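Take a look at the structure below.
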Amino acid sequence: MTNFISVQLKKASEVDLAKPLCKFIQQSYPGAEAQAEHCRAAEELSRLRKSALGRPLDKHESALETLLRYYDQLCSIEPKFPFSENQVCVTFTWKDAFDKGSLFGGSAKLALASLGYEKTCVLFNCGALASQIAAEQNLDNDEGLKAAAKHYQFASGAFQHIKDTVLSALNREPTVDISPDTVGTLSLIMLAQAQEVFFLKATRDKMKDGIIAKLANQAADYYGDAYKQCQYKDTLPKEVFPVLAAKHCIMQANAEYHQSILAKQQKKFGEEIGRLQHAADLVKTVASRYDEYINVKELVDKINRALAAAKKDNDFIYHDRVPDLKDLEPIGKASLVKSTPVVVPLSQKFTDLFEKMVPLQVQQSVSVYNQRKADLVNRSIAQMREATNLANGVLASLNLPAAIEDVSGDTVPQSILNKSKSVIEQGGIQTIDQLIKDLPELLQRNKEILDESLRLLDEEETTDNDLRAKFKERWQRTPSNELYKPLRAEGANYHNILNKAVQADGQVKERYQTHRDTIALLCKPEAELNAAIPSANPAKTLQGNEVVNVLKTLLASLDEVKKEREQLENDLKSVNFDMTSKFLTALAQDGAINEEAISVTELDRIYGSYTQKVQESLKKQEELLKNIQNAYQDFSKMKQSNNESNLREEVLKNLAVANDNFVELVGNLKEGTKFYNELTEILLKFQNKCSDIIFARKTERDELLKDLQQSIAREPSAPSIPLPTYQTTPAAGSKPAASPTPTPAPRTMVGTKPQPPARPPPPVISAASSSSSALAPSGTAAAPAAAPAPTPGASAPAASTAPSQAQGPPYPTYPGYPGYCQMPMPMGYNPYMYGQYNLPYAPSPVYQTPGQPPYPPPQQPGYPFPQQPYYQQ
């Protein structure tokens with residue numbers, strides 16, 4: 001009676017988790033030490049999966065513990081790795097637990113690049129193994145009963161959790177074994193078995209019969225619900241349905257039996273007999289229908305003995321009326337079981353292998369924060385650089401400070417000499433030429449990487465479209481054009497970036513061509529530079545002038561502002577603050593991260609003082625430039641005006657502008673070189689991402705093609721194989737006349753050798769057969785035209801008429817098969833007499849023995865085939 005249902009484990013294909021996880025770690029975590037530690041954890045996780053899924057598991061607690069640890073580990077890494085088809089792409093393949101495969105091999109399986117799918121299947125195996133461990137327990141002691149009840153309730157909770165989460169975890173139709181209907185039924189079966197274990201323990205502990213009856217009735221209720229759920233399904237193993245039906249009846253019978261004892265104690269002897277009769281009927285049903293699955297002989301004997309004793313006592317002593325079954329009060333129910341909820345961690349020995357790795361949500365928040373920080377810093381630096389360029393432009397247009405230094409009119413101003421020296425030290429015109437020469441090569445390298453990445457996507461998408469067009473609805477996987485949308489959007493963004501970079505390169509080259517000659521002049525030695533600058537009459541009166549002193553003071557203040565900006569820019573770049581702890585705290589407290597609010601608050605706290613200094617610097621420069629322009633107007637009025645002086649001032653202005661352009665051009669070109677080099681690393685990561693997803697898609701494609709080929713091979717090549725016309729039943733309307741004598745059961749000669757081909761019967765030369773040939777069925781085209789088969793209904797003499805050609809397919813007639821007819825074989829029997837060695841024959845009325853065939857007549861003239869010798873069987 002203690003037959004329990006256990007669930008088979010799903011089988012998983014081998015997967016290397018370490019390689020894709022390590023690749024993601026190397027791309028996402030810059031620190032070498034952190035990378036090494038996380039990669040070691042990834043390798044340990046891969047070994048744990050192999051230990052949990054890569055070998056047969058014993059029905060033991062230690063095996064279940066390994067599965068639970070792997071499940072806990074999957075739950076811990078889920079928020080830390082972006083498992084998907086277009087990020088960390090790992091394809092998990094699992095077979096249906098209840099699919100037995102086919103003659104051609106293979107079984108129903110599903111492959112998905114989804115960690116949720118892996119978690120679901122692992123949890124299914126946890127529940128299945130728990131059910132197997134529970135079924136192995138010794139229920140004759142308390143320890144075994146407690147362990148069985150615990151494991152059945154855990155299995156019920158595991159299957160219930162899958163039922164609630166499987167559709168959202170997979171986002172597609174699951175295999176039958178993990179579908180909500182199936183796991184819901186399994187959960188209820190496990191709960192029913194746990195309740196039965198409590199019933200067994202209560203019986204063993206000899207608790208009150210009223211309590212035992214309620215426990216049994218509740219177990220019967222659970223079994224009944226499970227029975228109804230799987231009544232019209234063929235997904236579970238075939239023995240599940242009869243076991244559930246039997247258990248439902250057995251638990252009801254136990255409930256009635258123990259309630260009958262309670263009725264006897266309450267001196268309700270008629271109710272006692274009624275309940276025992278109902279219990280006897282229930283176990284009788286089990287014994288007659290399900291004895292192959294469950295043995296209830298002991299329970300039957302116990303109930304029958306109690307019923308006989310109750311009837312005897314009532315007939316001789318109490319004479320209590322036996323109520324009808326419908327008049328009996330319903331037995332109460334008492335449930336002592338419930339599905340154990342799935343609360344991670346499930347394992348008591350669980351340790352997070354990736355404890356030091358931040359969750360993906362935190363990592364994404366840190367990434368967005370870093371972008372916000374970069375925008376703020378770059379905006380502040382850009383404002384300061386723009387202000388500096390504006391100041392340099394204003395000073396160059398006023399020929400300052402050269403104008404107040406060049407009061408002699410025939411020497412190179414010291415500021416111009418300093419600028420010339422700085423340009424020469426930086427390589428001068430040759431530096432710019434080399435930087436411009438390198439840009440096209442860097443640009444071309446990036447274009448090739450990007451084009452190759454997109455080409456790989458195009459090729460795989462074309463292959464996917466071709467296969468989808470070929471197999472149509474059979475090709476059940478995510479279309480490549482949908483899957484690659486994020487990658488293509490990313491690739492289009494890189495294209496736009498490259499196009500903008502090309503435009504920027506063009507503007508730099510154009511500007512360089514405009515100022516190349518002046519920059520080249522600035523690179524010449526002092527003597528050549530002095531010769532190239534026109535001389536002018538000296539303006540001795542300006543030396544020591546108050547206006548000149550004011551201009552010098554203002555220019556010195558402006559230089560001080562520029563130096564402060566350089567330091568401020570370095571300070572802005574060097575500020576670093578790790579936001580990981582902030583986001584982790586927020587995630588732990590609220591379960592979510594409001595990145596924008598936290599980031600804005602922290603950025604204002606960290607960079608508020610720096611942004612304030614930037615604004616003060618801009619405001620101070622604005623006032624200084626205004627004062628410099630006013631002082632320069634006074635200075636210009638005091639200068640002697642002549643053509644030579646104006647021409648010299650123009651050249652000096654151009655040289656000052658050339659210096660500013662040189663500094664800016666070199667800065668732009670170096671930034672461009674750095675940009676292209678950094679973009680190369682980004683594009684290589686993009687290319688690796690494309691290669692990884694294409695490799696995963698190729699693996700998935702090969703698996704799907706293999707399954708489709710096996711599926712197509714299992715399909716019949718034609719709807720049915722038509723039988724030869726001489727074996728088919730004549731069509732309606734052309735049926736021959738019924739024989740006046742009954743036709744015995746068809747007979748097939750059983751032999752190990754191949755049967756000879758069908759042979760038409762010999763023709764009969766008689767008027768009767770000639771006249772009856774017009775009644776032959778039109779569908780019997782197997783007989784030659786020269787030798788038509790005689791009709792069973794013809795009135796020819798029996799002694800000269802051969803039996804008719806058998807109609808309809810031959811049936812097997814070995815013993816035990818319906819229609820078997822044991823007939824003696826005559827010694828002179830000729831198997832070719834009736835046209836086919838193994839076709840049935842019709843009896844002749846001249847023989848008295850039923851089923852005895854006539855001996856063959858002599859060879860007929862005109863018979864188209866030579867007489868065959870007879871071989872003894």
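Residue numbering restarts at 1 in every chain; chains get A, B, ... in the order shown in the structure tokens, and ligands count up from 1 in that same order.
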
Compile the contact shell of region 54-59 of chain A as an mmCIF file with all heavy atoms, in the first residue's frame: residues with an atom at most 8 Å away, counting only C-alpha atoms, same-chain residues fewer than 5 positions apart removed.
data_model
loop_
_atom_site.group_PDB
_atom_site.id
_atom_site.type_symbol
_atom_site.label_atom_id
_atom_site.label_comp_id
_atom_site.auth_asym_id
_atom_site.auth_seq_id
_atom_site.Cartn_x
_atom_site.Cartn_y
_atom_site.Cartn_z
ATOM 1 N N ALA A 12 20.777 17.387 -18.638
ATOM 2 C CA ALA A 12 21.313 18.638 -19.191
ATOM 3 C C ALA A 12 22.511 18.335 -20.079
ATOM 4 O O ALA A 12 23.270 17.398 -19.823
ATOM 5 C CB ALA A 12 21.718 19.593 -18.078
ATOM 6 N N SER A 13 22.670 19.161 -21.114
ATOM 7 C CA SER A 13 23.862 19.068 -21.951
ATOM 8 C C SER A 13 25.014 19.806 -21.270
ATOM 9 O O SER A 13 24.805 20.731 -20.475
ATOM 10 C CB SER A 13 23.597 19.676 -23.332
ATOM 11 O OG SER A 13 22.594 18.951 -24.004
ATOM 12 N N GLU A 14 26.216 19.418 -21.618
ATOM 13 C CA GLU A 14 27.397 20.014 -20.997
ATOM 14 C C GLU A 14 27.588 21.450 -21.483
ATOM 15 O O GLU A 14 27.417 21.745 -22.667
ATOM 16 C CB GLU A 14 28.635 19.174 -21.327
ATOM 17 C CG GLU A 14 29.891 19.631 -20.607
ATOM 18 C CD GLU A 14 31.074 18.724 -20.882
ATOM 19 O OE1 GLU A 14 30.850 17.640 -21.461
ATOM 20 O OE2 GLU A 14 32.200 19.094 -20.530
ATOM 21 N N ARG A 49 28.727 23.082 -11.548
ATOM 22 C CA ARG A 49 27.665 22.632 -12.472
ATOM 23 C C ARG A 49 27.925 21.210 -12.955
ATOM 24 O O ARG A 49 27.005 20.378 -13.040
ATOM 25 C CB ARG A 49 27.579 23.576 -13.677
ATOM 26 C CG ARG A 49 26.410 23.231 -14.602
ATOM 27 C CD ARG A 49 26.398 24.087 -15.852
ATOM 28 N NE ARG A 49 25.116 24.006 -16.516
ATOM 29 C CZ ARG A 49 24.786 23.063 -17.411
ATOM 30 N NH1 ARG A 49 25.673 22.123 -17.730
ATOM 31 N NH2 ARG A 49 23.598 23.051 -17.968
ATOM 32 N N LEU A 64 21.592 15.886 -3.186
ATOM 33 C CA LEU A 64 20.626 16.992 -3.172
ATOM 34 C C LEU A 64 21.300 18.279 -2.721
ATOM 35 O O LEU A 64 21.013 19.364 -3.246
ATOM 36 C CB LEU A 64 19.457 16.641 -2.250
ATOM 37 C CG LEU A 64 18.362 17.702 -2.119
ATOM 38 C CD1 LEU A 64 17.728 18.015 -3.468
ATOM 39 C CD2 LEU A 64 17.287 17.255 -1.126
ATOM 40 N N LEU A 129 14.732 14.987 -7.264
ATOM 41 C CA LEU A 129 15.628 14.190 -6.422
ATOM 42 C C LEU A 129 15.089 14.096 -4.995
ATOM 43 O O LEU A 129 15.204 13.048 -4.351
ATOM 44 C CB LEU A 129 17.028 14.814 -6.419
ATOM 45 C CG LEU A 129 18.109 14.002 -5.695
ATOM 46 C CD1 LEU A 129 18.252 12.617 -6.307
ATOM 47 C CD2 LEU A 129 19.444 14.732 -5.739
ATOM 48 N N GLN A 132 12.614 11.353 -4.950
ATOM 49 C CA GLN A 132 13.252 10.039 -4.991
ATOM 50 C C GLN A 132 13.845 9.674 -3.621
ATOM 51 O O GLN A 132 13.750 8.528 -3.178
ATOM 52 C CB GLN A 132 14.343 10.023 -6.058
ATOM 53 C CG GLN A 132 13.816 10.184 -7.475
ATOM 54 C CD GLN A 132 14.923 10.215 -8.513
ATOM 55 O OE1 GLN A 132 16.075 9.945 -8.210
ATOM 56 N NE2 GLN A 132 14.573 10.573 -9.743
ATOM 57 N N ILE A 133 14.465 10.663 -2.969
ATOM 58 C CA ILE A 133 15.019 10.411 -1.629
ATOM 59 C C ILE A 133 13.895 10.059 -0.654
ATOM 60 O O ILE A 133 14.022 9.139 0.168
ATOM 61 C CB ILE A 133 15.809 11.635 -1.142
ATOM 62 C CG1 ILE A 133 17.040 11.867 -2.028
ATOM 63 C CG2 ILE A 133 16.239 11.465 0.304
ATOM 64 C CD1 ILE A 133 17.787 13.147 -1.731
ATOM 65 N N GLU A 136 12.689 6.550 -0.961
ATOM 66 C CA GLU A 136 13.636 5.538 -0.490
ATOM 67 C C GLU A 136 13.659 5.396 1.033
ATOM 68 O O GLU A 136 14.348 4.534 1.559
ATOM 69 C CB GLU A 136 15.052 5.899 -0.974
ATOM 70 C CG GLU A 136 15.238 5.804 -2.466
ATOM 71 C CD GLU A 136 15.225 4.366 -2.959
ATOM 72 O OE1 GLU A 136 15.852 3.509 -2.303
ATOM 73 O OE2 GLU A 136 14.562 4.100 -3.982
#

- Item | Shell of 8 Å around region 380-396 of chain A, only C-alpha atoms, local chain residues under 3 positions omitted, as number ranges by chain | A: 376-377, 399-401, 562, 565, 569, 611, 614, 618, 621, 625, 653-654, 656-657, 660

- Task: Just give me the gap between CA of Glu459 (chain A) and CA of Gln709 (chain A) in Å, one decimal is fine.
- Result: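 We find that CA of Glu459 (chain A) and CA of Gln709 (chain A) lie 22.8 Å from each other.
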
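Shortest atom-to-atom contact with Ala169 (chain A) among A:Gln195, A:Asn141, A:Thr120, A:Asn370: A:Thr120, counting only C-alpha atoms.
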